[in-house]
Amino acid sequence: MTVFCGIDWAESHHDVALVDDAGQLLAKRRVSDDAAGYQLLLDLLAEHGDNPEHPIPVAIETSRGLLVAALRTGQRPIYAINPLAAARYRDRHGVSRKKSDPGDALVLANILRTDMHAHRALPADSELVQAISVLARAQQDAVWNRQQLVNQVRSLLREYYPAALDAFQAKQHGLARPEARAVLAACPTPTRAAKATVAQLRAARKRAGRTRGIDAEADRLKTVFRANHPRQPQAVEDAMGHQLTALLLQLDAASEASERLAGAVEEHFRQHPDAEILLSFPGLGVQLAARVLAEIGDDRARFADARALKAYAGSAPITRASGKKRFVGRRFIKNNRLITAGFLWAFSALRASPGADAHYRRRREAGDWHAQAQRHLFNRMIGQLYHCLQTRQLFDEHHAFTSSSAGLAVAA
């Protein structure tokens, strides 16, 4: 007898339902979200025939967490069902719009019973790539958080401290630079900045770790800070100075977190056997390559072909056709982290690869705007990455962008 399991998960408890291949409910139970509850769940599955040779497939509306980690022990296939899809299946079984947690567990079990072929089990990624995924996503979140804080600092400076924007905005990384944060911490208001001496500015830059060009930069900052700029009333200026100091403390912490996570990402990524192949591609450094690996994983059976990977990444277009209407456009349902990394990859590849640059320019000449041409380049290169990972070979610039290779599977 074939058995299917559905789990409606929550924070404090989980509802479990098991059905057979005829749709008959075999068991239902509510288990707690702790070690005892997980063991009760595993015992329930074993009671109904779950074993390494014939594992019971499980449907659940999440792909992460301790519950999923407990279920993934052994060879048991886990299907992460999109909550929107599960809601549509619920309407399929009744029109009264009733809803309950045990009922949702039963719906999830029946999804596998009737349409398991239409859903994909969680990939069998190695523990190393799962760790890389955690670190790469955390590092990316830290970078985004840092940029949000930089934007807040910039908005605040526009209200009372335009000299600081003139001093640092034109430089690479702008207000996120360590010396910019150090100088602003020492001079949080225009009044204090105008009174700052060259020696004080030099000392602030040294605290930030700068060793070259200190004197010339200190002179430049002194000139900028003592120029004529509009001012807020002194009391308001002082209050905004306190606000800036608080934001700088958060920005310092976010910058340190980003740098530490970047070091952890590099340490783990270089241990992975796919690292050499990823780094052979133009435009992929350690951090960006780690983000790509984190999203595609190392389960080679996860994607049936290069087209499946392109669809998952969101680089391949989607067609909507009905009657006389036909529309071909970009995908909206995709892995957003992977497509974000893909745009950065394509942009960096323009300077690192003559073939990529030529491909981009051809797309622009064909009428694509910048984002379209970048997405088309990413679509091609991620197809090449799929081929290289499957065949265990490094990127070859000459083979990748010759006209004879345009008709291969790596093409769009």
# chains A, B, ... in the order shown; residues from 1 in each chain; ligands from 1

$ select_by_dssp --residues "stretch 212-375 of chain A" --states "strand (DSSP E)" --output "JSON, numbers by chain"
{"A": [318, 319, 320, 321, 322, 325, 326, 327, 328, 329]}

$ select_by_dssp --residues "stretch 201-346 of chain A" --states "helix (DSSP H, G or I)" --output "count of residues only"
90

$ atom_distance --atom1 "atom CA of A:Gln139" --atom2 "atom CA of A:Gly209"
22.8 Å

$ residues_around --residues "stretch 114-131 of chain A" --least-positions-apart "3" --cutoff "7 Å" --atoms "only C-alpha atoms" --output "list in words"
Pro77, Ile78, Tyr79, Ala80, Asn110, Ile111, Val134, Leu135, Ala294, Gly297, Asp298, Asp299 and Arg302 of chain A

$ write_last_selection --atoms "all heavy atoms" --output "short mmCIF file (atom, residue, chain, number, x, y, z; two decimals), in the first residue's frame"
data_model
loop_
_atom_site.label_atom_id
_atom_site.label_comp_id
_atom_site.auth_asym_id
_atom_site.auth_seq_id
_atom_site.Cartn_x
_atom_site.Cartn_y
_atom_site.Cartn_z
N PRO A 77 11.60 11.61 0.56
CA PRO A 77 11.42 12.80 -0.28
C PRO A 77 10.50 13.82 0.38
O PRO A 77 9.42 13.47 0.88
CB PRO A 77 10.81 12.24 -1.57
CG PRO A 77 10.12 10.98 -1.15
CD PRO A 77 10.91 10.43 0.01
N ILE A 78 10.91 15.07 0.38
CA ILE A 78 10.14 16.15 0.98
C ILE A 78 9.72 17.11 -0.15
O ILE A 78 10.55 17.57 -0.92
CB ILE A 78 10.95 16.92 2.04
CG1 ILE A 78 11.59 15.95 3.03
CG2 ILE A 78 10.06 17.93 2.76
CD1 ILE A 78 10.61 15.13 3.82
N TYR A 79 8.45 17.40 -0.22
CA TYR A 79 7.91 18.30 -1.23
C TYR A 79 7.47 19.60 -0.56
O TYR A 79 6.55 19.59 0.27
CB TYR A 79 6.73 17.67 -1.96
CG TYR A 79 7.12 16.50 -2.83
CD1 TYR A 79 7.31 15.23 -2.27
CD2 TYR A 79 7.31 16.66 -4.19
CE1 TYR A 79 7.67 14.15 -3.07
CE2 TYR A 79 7.67 15.58 -5.00
CZ TYR A 79 7.86 14.33 -4.42
OH TYR A 79 8.22 13.27 -5.21
N ALA A 80 8.13 20.69 -0.89
CA ALA A 80 7.75 22.01 -0.36
C ALA A 80 6.69 22.60 -1.28
O ALA A 80 6.99 23.06 -2.40
CB ALA A 80 8.96 22.91 -0.27
N ASN A 110 -3.15 14.78 -0.08
CA ASN A 110 -3.82 14.45 -1.32
C ASN A 110 -3.15 15.08 -2.53
O ASN A 110 -3.27 14.58 -3.65
CB ASN A 110 -5.29 14.88 -1.26
CG ASN A 110 -6.15 13.87 -0.52
OD1 ASN A 110 -6.11 12.67 -0.80
ND2 ASN A 110 -6.91 14.35 0.45
N ILE A 111 -2.44 16.19 -2.33
CA ILE A 111 -1.67 16.77 -3.44
C ILE A 111 -0.64 15.77 -3.95
O ILE A 111 -0.48 15.57 -5.16
CB ILE A 111 -0.99 18.08 -2.99
CG1 ILE A 111 -2.02 19.19 -2.80
CG2 ILE A 111 0.06 18.53 -4.00
CD1 ILE A 111 -1.45 20.48 -2.24
N VAL A 134 23.32 29.16 3.62
CA VAL A 134 23.01 29.96 4.81
C VAL A 134 23.92 31.18 4.89
O VAL A 134 23.46 32.32 5.10
CB VAL A 134 23.14 29.10 6.08
CG1 VAL A 134 23.03 29.97 7.33
CG2 VAL A 134 22.06 28.02 6.11
N LEU A 135 25.22 30.97 4.70
CA LEU A 135 26.18 32.06 4.83
C LEU A 135 26.05 33.08 3.70
O LEU A 135 26.11 34.29 3.94
CB LEU A 135 27.60 31.49 4.87
CG LEU A 135 27.96 30.68 6.11
CD1 LEU A 135 29.30 29.98 5.92
CD2 LEU A 135 28.00 31.57 7.35
N ALA A 294 24.92 28.76 -3.97
CA ALA A 294 23.95 28.61 -2.89
C ALA A 294 22.54 28.43 -3.42
O ALA A 294 21.73 27.71 -2.83
CB ALA A 294 24.01 29.82 -1.97
N GLY A 297 22.58 24.93 -5.87
CA GLY A 297 22.93 23.71 -5.16
C GLY A 297 23.90 22.83 -5.93
O GLY A 297 24.42 23.21 -6.99
N ASP A 298 24.16 21.64 -5.40
CA ASP A 298 25.07 20.71 -6.05
C ASP A 298 24.42 19.36 -6.34
O ASP A 298 25.11 18.38 -6.60
CB ASP A 298 26.34 20.52 -5.22
CG ASP A 298 26.06 20.02 -3.80
OD1 ASP A 298 24.89 19.76 -3.48
OD2 ASP A 298 27.02 19.89 -3.02
N ASP A 299 23.09 19.32 -6.30
CA ASP A 299 22.38 18.11 -6.70
C ASP A 299 22.20 18.15 -8.22
O ASP A 299 21.38 18.91 -8.74
CB ASP A 299 21.02 18.05 -6.01
CG ASP A 299 20.22 16.81 -6.39
OD1 ASP A 299 20.77 15.96 -7.11
OD2 ASP A 299 19.04 16.70 -5.97
N ARG A 302 18.78 17.88 -9.90
CA ARG A 302 17.74 18.85 -9.54
C ARG A 302 17.08 19.44 -10.78
O ARG A 302 15.85 19.64 -10.79
CB ARG A 302 18.37 19.96 -8.70
CG ARG A 302 17.39 21.04 -8.27
CD ARG A 302 18.04 22.07 -7.39
NE ARG A 302 17.09 23.02 -6.85
CZ ARG A 302 17.40 24.02 -6.04
NH1 ARG A 302 18.66 24.18 -5.65
NH2 ARG A 302 16.48 24.85 -5.59
#

$ closest_residue --among "A:Leu156, A:Ala22, A:Leu293, A:Gln39" --to "A:Glu276" --atoms "only C-alpha atoms"
A:Leu293

$ residues_around --residues "A:Arg231" --least-positions-apart "2" --cutoff "10 Å" --atoms "only C-alpha atoms" --output "VMD selection string"
chain A and resid 159 to 162 189 to 191 228 to 229 233 to 234 236 to 237

$ write_last_selection --atoms "N, CA and C atoms" --output "CSV table (one decimal), in the first residue's frame"
chain,number,residue,atom,x,y,z
A,159,GLU,N,19.6,66.9,5.1
A,159,GLU,CA,18.7,67.8,5.8
A,159,GLU,C,19.5,68.8,6.6
A,160,TYR,N,20.8,68.5,7.0
A,160,TYR,CA,21.5,69.5,7.8
A,160,TYR,C,23.0,69.5,7.6
A,161,TYR,N,23.6,68.7,6.8
A,161,TYR,CA,25.1,68.5,6.7
A,161,TYR,C,25.5,68.3,5.3
A,162,PRO,N,25.2,69.2,4.3
A,162,PRO,CA,25.6,69.0,2.9
A,162,PRO,C,27.1,68.9,2.7
A,189,THR,N,28.4,67.1,13.4
A,189,THR,CA,27.7,68.3,13.1
A,189,THR,C,28.5,69.3,12.2
A,190,PRO,N,27.9,70.1,11.4
A,190,PRO,CA,28.7,71.1,10.6
A,190,PRO,C,29.5,72.0,11.5
A,191,THR,N,29.0,72.4,12.6
A,191,THR,CA,29.8,73.3,13.5
A,191,THR,C,31.1,72.7,14.0
A,228,ASN,N,31.1,77.6,2.7
A,228,ASN,CA,29.9,78.2,3.1
A,228,ASN,C,28.7,77.3,2.7
A,229,HIS,N,27.9,76.8,3.7
A,229,HIS,CA,26.8,75.9,3.5
A,229,HIS,C,25.6,76.4,4.3
A,233,PRO,N,19.1,75.6,12.7
A,233,PRO,CA,19.3,76.2,14.0
A,233,PRO,C,20.2,75.3,14.8
A,234,GLN,N,21.0,75.9,15.7
A,234,GLN,CA,22.0,75.1,16.5
A,234,GLN,C,21.4,74.0,17.3
A,236,VAL,N,18.6,72.3,16.7
A,236,VAL,CA,18.2,71.3,15.7
A,236,VAL,C,19.4,70.5,15.2
A,237,GLU,N,20.5,71.3,14.9
A,237,GLU,CA,21.7,70.7,14.3
A,237,GLU,C,22.3,69.7,15.3

$ closest_residue --among "A:Leu394, A:Ala262, A:Ala313, A:Val19" --to "A:Asp274" --atoms "only C-alpha atoms"
A:Leu394

$ residues_around --residues "A:Phe225" --least-positions-apart "6" --cutoff "8 Å" --atoms "only C-alpha atoms" --output "list of chain:residue names"
A:Ala163, A:Ala164, A:Ala167, A:Pro190, A:Ala193, A:Ala194

$ write_last_selection --atoms "N, CA and C atoms" --output "PDB file, in the first residue's frame"
ATOM      1  N   ALA A 163      27.886  69.500   3.602  1.00  0.00           N
ATOM      2  CA  ALA A 163      29.338  69.439   3.439  1.00  0.00           C
ATOM      3  C   ALA A 163      29.838  68.001   3.498  1.00  0.00           C
ATOM      4  N   ALA A 164      29.210  67.163   4.315  1.00  0.00           N
ATOM      5  CA  ALA A 164      29.633  65.764   4.409  1.00  0.00           C
ATOM      6  C   ALA A 164      29.371  65.029   3.095  1.00  0.00           C
ATOM      7  N   ALA A 167      31.996  65.927   0.714  1.00  0.00           N
ATOM      8  CA  ALA A 167      33.302  65.375   1.074  1.00  0.00           C
ATOM      9  C   ALA A 167      33.445  63.911   0.673  1.00  0.00           C
ATOM     10  N   PRO A 190      27.935  70.120  11.382  1.00  0.00           N
ATOM     11  CA  PRO A 190      28.723  71.072  10.597  1.00  0.00           C
ATOM     12  C   PRO A 190      29.548  72.024  11.461  1.00  0.00           C
ATOM     13  N   ALA A 193      32.583  70.158  12.553  1.00  0.00           N
ATOM     14  CA  ALA A 193      33.427  69.896  11.393  1.00  0.00           C
ATOM     15  C   ALA A 193      34.198  71.142  10.976  1.00  0.00           C
ATOM     16  N   ALA A 194      33.531  72.299  11.051  1.00  0.00           N
ATOM     17  CA  ALA A 194      34.212  73.537  10.666  1.00  0.00           C
ATOM     18  C   ALA A 194      35.338  73.885  11.629  1.00  0.00           C
TER      19      ALA A 194
END

$ residues_around --residues "A:Leu184" --least-positions-apart "4" --cutoff "12 Å" --atoms "only C-alpha atoms" --output "compact mmCIF listing (two decimals) with all heavy atoms, in the first residue's frame"
# COMPACT_ATOMS: atom_id res chain seq x y z
N VAL A 153 21.61 57.44 6.32
CA VAL A 153 22.61 58.45 6.65
C VAL A 153 22.62 59.55 5.59
O VAL A 153 22.68 60.75 5.91
CB VAL A 153 24.00 57.79 6.79
CG1 VAL A 153 25.08 58.86 6.89
CG2 VAL A 153 24.04 56.88 8.00
N ARG A 154 22.57 59.16 4.34
CA ARG A 154 22.59 60.14 3.26
C ARG A 154 21.38 61.07 3.35
O ARG A 154 21.50 62.30 3.19
CB ARG A 154 22.61 59.43 1.91
CG ARG A 154 22.60 60.37 0.71
CD ARG A 154 22.61 59.59 -0.60
NE ARG A 154 22.53 60.48 -1.74
CZ ARG A 154 21.39 60.97 -2.23
NH1 ARG A 154 20.23 60.62 -1.66
NH2 ARG A 154 21.40 61.77 -3.27
N LEU A 157 21.92 63.51 6.21
CA LEU A 157 22.93 64.53 5.91
C LEU A 157 22.38 65.58 4.96
O LEU A 157 22.77 66.76 5.05
CB LEU A 157 24.17 63.88 5.30
CG LEU A 157 24.97 62.96 6.23
CD1 LEU A 157 26.12 62.31 5.48
CD2 LEU A 157 25.50 63.74 7.43
N TYR A 161 23.59 68.67 6.78
CA TYR A 161 25.05 68.54 6.74
C TYR A 161 25.50 68.30 5.29
O TYR A 161 26.12 67.29 4.98
CB TYR A 161 25.45 67.36 7.62
CG TYR A 161 26.87 67.32 8.11
CD1 TYR A 161 27.23 66.43 9.13
CD2 TYR A 161 27.87 68.11 7.57
CE1 TYR A 161 28.53 66.35 9.60
CE2 TYR A 161 29.18 68.03 8.02
CZ TYR A 161 29.49 67.15 9.04
OH TYR A 161 30.80 67.05 9.50
N ALA A 163 27.89 69.50 3.60
CA ALA A 163 29.34 69.44 3.44
C ALA A 163 29.84 68.00 3.50
O ALA A 163 30.79 67.63 2.80
CB ALA A 163 30.02 70.28 4.52
N ALA A 164 29.21 67.16 4.32
CA ALA A 164 29.63 65.76 4.41
C ALA A 164 29.37 65.03 3.10
O ALA A 164 30.17 64.18 2.67
CB ALA A 164 28.90 65.07 5.56
N LEU A 165 28.26 65.35 2.45
CA LEU A 165 27.99 64.74 1.16
C LEU A 165 29.00 65.17 0.12
O LEU A 165 29.47 64.37 -0.69
CB LEU A 165 26.57 65.10 0.69
CG LEU A 165 25.42 64.56 1.56
CD1 LEU A 165 24.08 65.03 1.01
CD2 LEU A 165 25.45 63.04 1.61
N ALA A 167 32.00 65.93 0.71
CA ALA A 167 33.30 65.38 1.07
C ALA A 167 33.45 63.91 0.67
O ALA A 167 34.54 63.49 0.28
CB ALA A 167 33.53 65.53 2.58
N PHE A 168 32.35 63.12 0.75
CA PHE A 168 32.50 61.66 0.60
C PHE A 168 31.66 61.03 -0.51
O PHE A 168 31.96 59.93 -0.94
CB PHE A 168 32.14 60.97 1.92
CG PHE A 168 32.95 61.41 3.09
CD1 PHE A 168 32.36 62.14 4.12
CD2 PHE A 168 34.30 61.14 3.16
CE1 PHE A 168 33.11 62.57 5.20
CE2 PHE A 168 35.06 61.55 4.25
CZ PHE A 168 34.46 62.27 5.27
N LEU A 175 29.64 56.93 1.55
CA LEU A 175 29.49 57.01 3.00
C LEU A 175 29.75 55.69 3.70
O LEU A 175 29.87 55.66 4.92
CB LEU A 175 28.08 57.50 3.33
CG LEU A 175 27.73 58.91 2.83
CD1 LEU A 175 26.26 59.18 3.03
CD2 LEU A 175 28.57 59.96 3.55
N ALA A 176 29.84 54.59 2.96
CA ALA A 176 30.12 53.29 3.57
C ALA A 176 31.61 53.09 3.82
O ALA A 176 32.00 52.14 4.49
CB ALA A 176 29.60 52.16 2.68
N ARG A 177 32.46 53.99 3.32
CA ARG A 177 33.90 53.86 3.52
C ARG A 177 34.25 53.99 5.00
O ARG A 177 33.67 54.83 5.71
CB ARG A 177 34.66 54.92 2.72
CG ARG A 177 34.52 54.79 1.21
CD ARG A 177 35.03 56.03 0.52
NE ARG A 177 36.46 56.21 0.74
CZ ARG A 177 37.40 55.74 -0.09
NH1 ARG A 177 37.04 55.07 -1.18
NH2 ARG A 177 38.68 55.96 0.14
N PRO A 178 35.19 53.20 5.51
CA PRO A 178 35.54 53.30 6.94
C PRO A 178 36.00 54.69 7.34
O PRO A 178 35.66 55.18 8.43
CB PRO A 178 36.67 52.27 7.09
CG PRO A 178 36.46 51.31 5.96
CD PRO A 178 35.90 52.11 4.84
N GLU A 179 36.81 55.36 6.48
CA GLU A 179 37.28 56.70 6.84
C GLU A 179 36.14 57.71 6.87
O GLU A 179 36.16 58.66 7.67
CB GLU A 179 38.39 57.16 5.90
CG GLU A 179 38.01 57.20 4.43
CD GLU A 179 38.35 55.91 3.72
OE1 GLU A 179 38.34 54.85 4.37
OE2 GLU A 179 38.60 55.97 2.50
N ALA A 180 35.13 57.54 6.01
CA ALA A 180 33.98 58.44 6.04
C ALA A 180 33.22 58.29 7.35
O ALA A 180 32.84 59.29 7.98
CB ALA A 180 33.07 58.15 4.84
N PRO A 188 30.15 65.05 14.00
CA PRO A 188 28.76 64.72 13.63
C PRO A 188 27.91 65.93 13.26
O PRO A 188 26.77 65.74 12.82
CB PRO A 188 28.22 64.06 14.90
CG PRO A 188 29.02 64.67 16.00
CD PRO A 188 30.38 64.92 15.45
N THR A 189 28.42 67.15 13.42
CA THR A 189 27.66 68.34 13.05
C THR A 189 28.53 69.27 12.22
O THR A 189 29.77 69.24 12.32
CB THR A 189 27.18 69.11 14.30
OG1 THR A 189 28.33 69.58 15.04
CG2 THR A 189 26.33 68.21 15.20
N PRO A 190 27.93 70.12 11.38
CA PRO A 190 28.72 71.07 10.60
C PRO A 190 29.55 72.02 11.46
O PRO A 190 30.65 72.41 11.08
CB PRO A 190 27.66 71.83 9.80
CG PRO A 190 26.49 70.92 9.76
CD PRO A 190 26.51 70.16 11.04
N ARG A 192 30.99 71.40 14.44
CA ARG A 192 32.20 70.71 14.89
C ARG A 192 33.13 70.43 13.73
O ARG A 192 34.36 70.45 13.89
CB ARG A 192 31.81 69.44 15.61
CG ARG A 192 31.12 69.69 16.94
CD ARG A 192 30.73 68.41 17.64
NE ARG A 192 31.87 67.55 17.92
CZ ARG A 192 31.80 66.40 18.56
NH1 ARG A 192 30.61 65.95 18.98
NH2 ARG A 192 32.87 65.67 18.80
N ALA A 193 32.58 70.16 12.55
CA ALA A 193 33.43 69.90 11.39
C ALA A 193 34.20 71.14 10.98
O ALA A 193 35.37 71.06 10.59
CB ALA A 193 32.57 69.39 10.23
N ALA A 196 37.17 71.55 13.19
CA ALA A 196 38.14 70.46 13.22
C ALA A 196 39.45 70.89 12.60
O ALA A 196 39.48 71.55 11.55
CB ALA A 196 37.58 69.25 12.49
N GLN A 200 43.21 66.62 13.75
CA GLN A 200 42.07 65.82 14.16
C GLN A 200 41.52 64.99 13.00
O GLN A 200 41.18 63.82 13.16
CB GLN A 200 40.97 66.73 14.73
CG GLN A 200 41.34 67.36 16.06
CD GLN A 200 40.32 68.39 16.51
OE1 GLN A 200 39.66 69.04 15.68
NE2 GLN A 200 40.19 68.57 17.83
N LEU A 201 41.47 65.60 11.83
CA LEU A 201 41.00 64.87 10.65
C LEU A 201 41.98 63.77 10.27
O LEU A 201 41.57 62.67 9.87
CB LEU A 201 40.80 65.84 9.48
CG LEU A 201 39.70 66.90 9.66
CD1 LEU A 201 39.72 67.90 8.52
CD2 LEU A 201 38.34 66.23 9.76
N ALA A 204 41.46 60.86 12.67
CA ALA A 204 40.25 60.10 12.38
C ALA A 204 40.48 59.13 11.23
O ALA A 204 40.04 57.98 11.26
CB ALA A 204 39.09 61.05 12.06
N ARG A 205 41.19 59.58 10.22
CA ARG A 205 41.46 58.70 9.08
C ARG A 205 42.42 57.57 9.47
O ARG A 205 42.30 56.45 8.97
CB ARG A 205 42.04 59.50 7.92
CG ARG A 205 41.00 60.38 7.24
CD ARG A 205 41.60 61.24 6.14
NE ARG A 205 42.31 60.45 5.17
CZ ARG A 205 41.73 59.76 4.18
NH1 ARG A 205 40.41 59.76 4.06
NH2 ARG A 205 42.45 59.08 3.31
N ALA A 208 40.63 54.79 11.05
CA ALA A 208 39.90 53.97 10.07
C ALA A 208 40.81 53.03 9.31
O ALA A 208 40.33 52.25 8.48
CB ALA A 208 39.15 54.87 9.10
N LEU A 221 39.49 67.82 3.23
CA LEU A 221 38.32 67.79 4.10
C LEU A 221 38.16 69.10 4.87
O LEU A 221 37.04 69.61 5.04
CB LEU A 221 38.42 66.61 5.07
CG LEU A 221 38.28 65.21 4.46
CD1 LEU A 221 38.52 64.15 5.53
CD2 LEU A 221 36.90 65.03 3.84
N PHE A 225 34.78 71.33 4.69
CA PHE A 225 33.98 71.56 5.88
C PHE A 225 33.88 73.04 6.24
O PHE A 225 32.89 73.46 6.87
CB PHE A 225 34.57 70.79 7.06
CG PHE A 225 34.36 69.30 6.99
CD1 PHE A 225 35.26 68.42 7.56
CD2 PHE A 225 33.26 68.77 6.33
CE1 PHE A 225 35.07 67.05 7.50
CE2 PHE A 225 33.05 67.41 6.26
CZ PHE A 225 33.96 66.54 6.84
N GLY A 241 22.77 65.68 15.01
CA GLY A 241 24.08 65.09 15.23
C GLY A 241 23.99 63.83 16.09
O GLY A 241 24.67 62.83 15.82
N HIS A 242 23.13 63.88 17.11
CA HIS A 242 22.92 62.67 17.93
C HIS A 242 22.29 61.55 17.08
O HIS A 242 22.65 60.37 17.23
CB HIS A 242 22.01 63.01 19.11
CG HIS A 242 22.69 63.83 20.17
ND1 HIS A 242 23.75 63.35 20.91
CD2 HIS A 242 22.46 65.10 20.61
CE1 HIS A 242 24.15 64.28 21.77
NE2 HIS A 242 23.38 65.35 21.60
N GLN A 243 21.35 61.92 16.21
CA GLN A 243 20.73 60.92 15.35
C GLN A 243 21.76 60.31 14.41
O GLN A 243 21.77 59.08 14.19
CB GLN A 243 19.60 61.56 14.55
CG GLN A 243 18.83 60.56 13.67
CD GLN A 243 17.74 61.23 12.86
OE1 GLN A 243 17.52 62.44 12.95
NE2 GLN A 243 17.04 60.43 12.06
N LEU A 244 22.64 61.13 13.86
CA LEU A 244 23.69 60.63 12.97
C LEU A 244 24.62 59.68 13.72
O LEU A 244 25.01 58.62 13.19
CB LEU A 244 24.48 61.79 12.39
CG LEU A 244 25.69 61.41 11.52
CD1 LEU A 244 25.24 60.63 10.30
CD2 LEU A 244 26.48 62.65 11.11
N THR A 245 24.98 60.01 14.95
CA THR A 245 25.86 59.15 15.73
C THR A 245 25.23 57.78 15.95
O THR A 245 25.90 56.74 15.84
CB THR A 245 26.16 59.81 17.09
OG1 THR A 245 26.80 61.07 16.87
CG2 THR A 245 27.09 58.92 17.91
N ALA A 246 23.92 57.76 16.22
CA ALA A 246 23.23 56.48 16.41
C ALA A 246 23.22 55.66 15.12
O ALA A 246 23.43 54.45 15.13
CB ALA A 246 21.81 56.73 16.90
N LEU A 247 22.99 56.33 14.00
CA LEU A 247 22.99 55.62 12.72
C LEU A 247 24.38 55.09 12.37
O LEU A 247 24.52 53.99 11.82
CB LEU A 247 22.49 56.55 11.61
CG LEU A 247 20.99 56.81 11.54
CD1 LEU A 247 20.68 57.83 10.46
CD2 LEU A 247 20.23 55.52 11.28
N LEU A 248 25.41 55.85 12.70
CA LEU A 248 26.77 55.41 12.42
C LEU A 248 27.14 54.17 13.22
O LEU A 248 27.87 53.29 12.74
CB LEU A 248 27.77 56.54 12.69
CG LEU A 248 27.73 57.71 11.71
CD1 LEU A 248 28.65 58.82 12.18
CD2 LEU A 248 28.11 57.26 10.31
N LEU A 249 26.64 54.09 14.47
CA LEU A 249 26.88 52.88 15.26
C LEU A 249 26.26 51.66 14.59
O LEU A 249 26.87 50.59 14.52
CB LEU A 249 26.31 53.06 16.67
CG LEU A 249 27.04 54.07 17.57
CD1 LEU A 249 26.27 54.25 18.88
CD2 LEU A 249 28.46 53.60 17.86
N LEU A 251 25.60 51.42 11.37
CA LEU A 251 26.32 51.20 10.11
C LEU A 251 27.65 50.50 10.36
O LEU A 251 28.05 49.61 9.58
CB LEU A 251 26.54 52.54 9.41
CG LEU A 251 27.24 52.50 8.05
CD1 LEU A 251 26.52 51.56 7.10
CD2 LEU A 251 27.32 53.90 7.46
N ASP A 252 28.33 50.86 11.43
CA ASP A 252 29.59 50.17 11.77
C ASP A 252 29.34 48.69 12.04
O ASP A 252 30.09 47.83 11.58
CB ASP A 252 30.23 50.82 13.00
CG ASP A 252 30.83 52.19 12.69
OD1 ASP A 252 31.10 52.46 11.51
OD2 ASP A 252 31.02 52.98 13.63

$ atom_distance --atom1 "atom CA of A:Ala69" --atom2 "atom CA of A:Ile7"
13.9 Å

$ residues_around --residues "A:Trp9" --least-positions-apart "2" --cutoff "9 Å" --atoms "only C-alpha atoms" --output "number ranges by chain"
A: 7, 11-16, 33, 60-62, 67, 101, 105
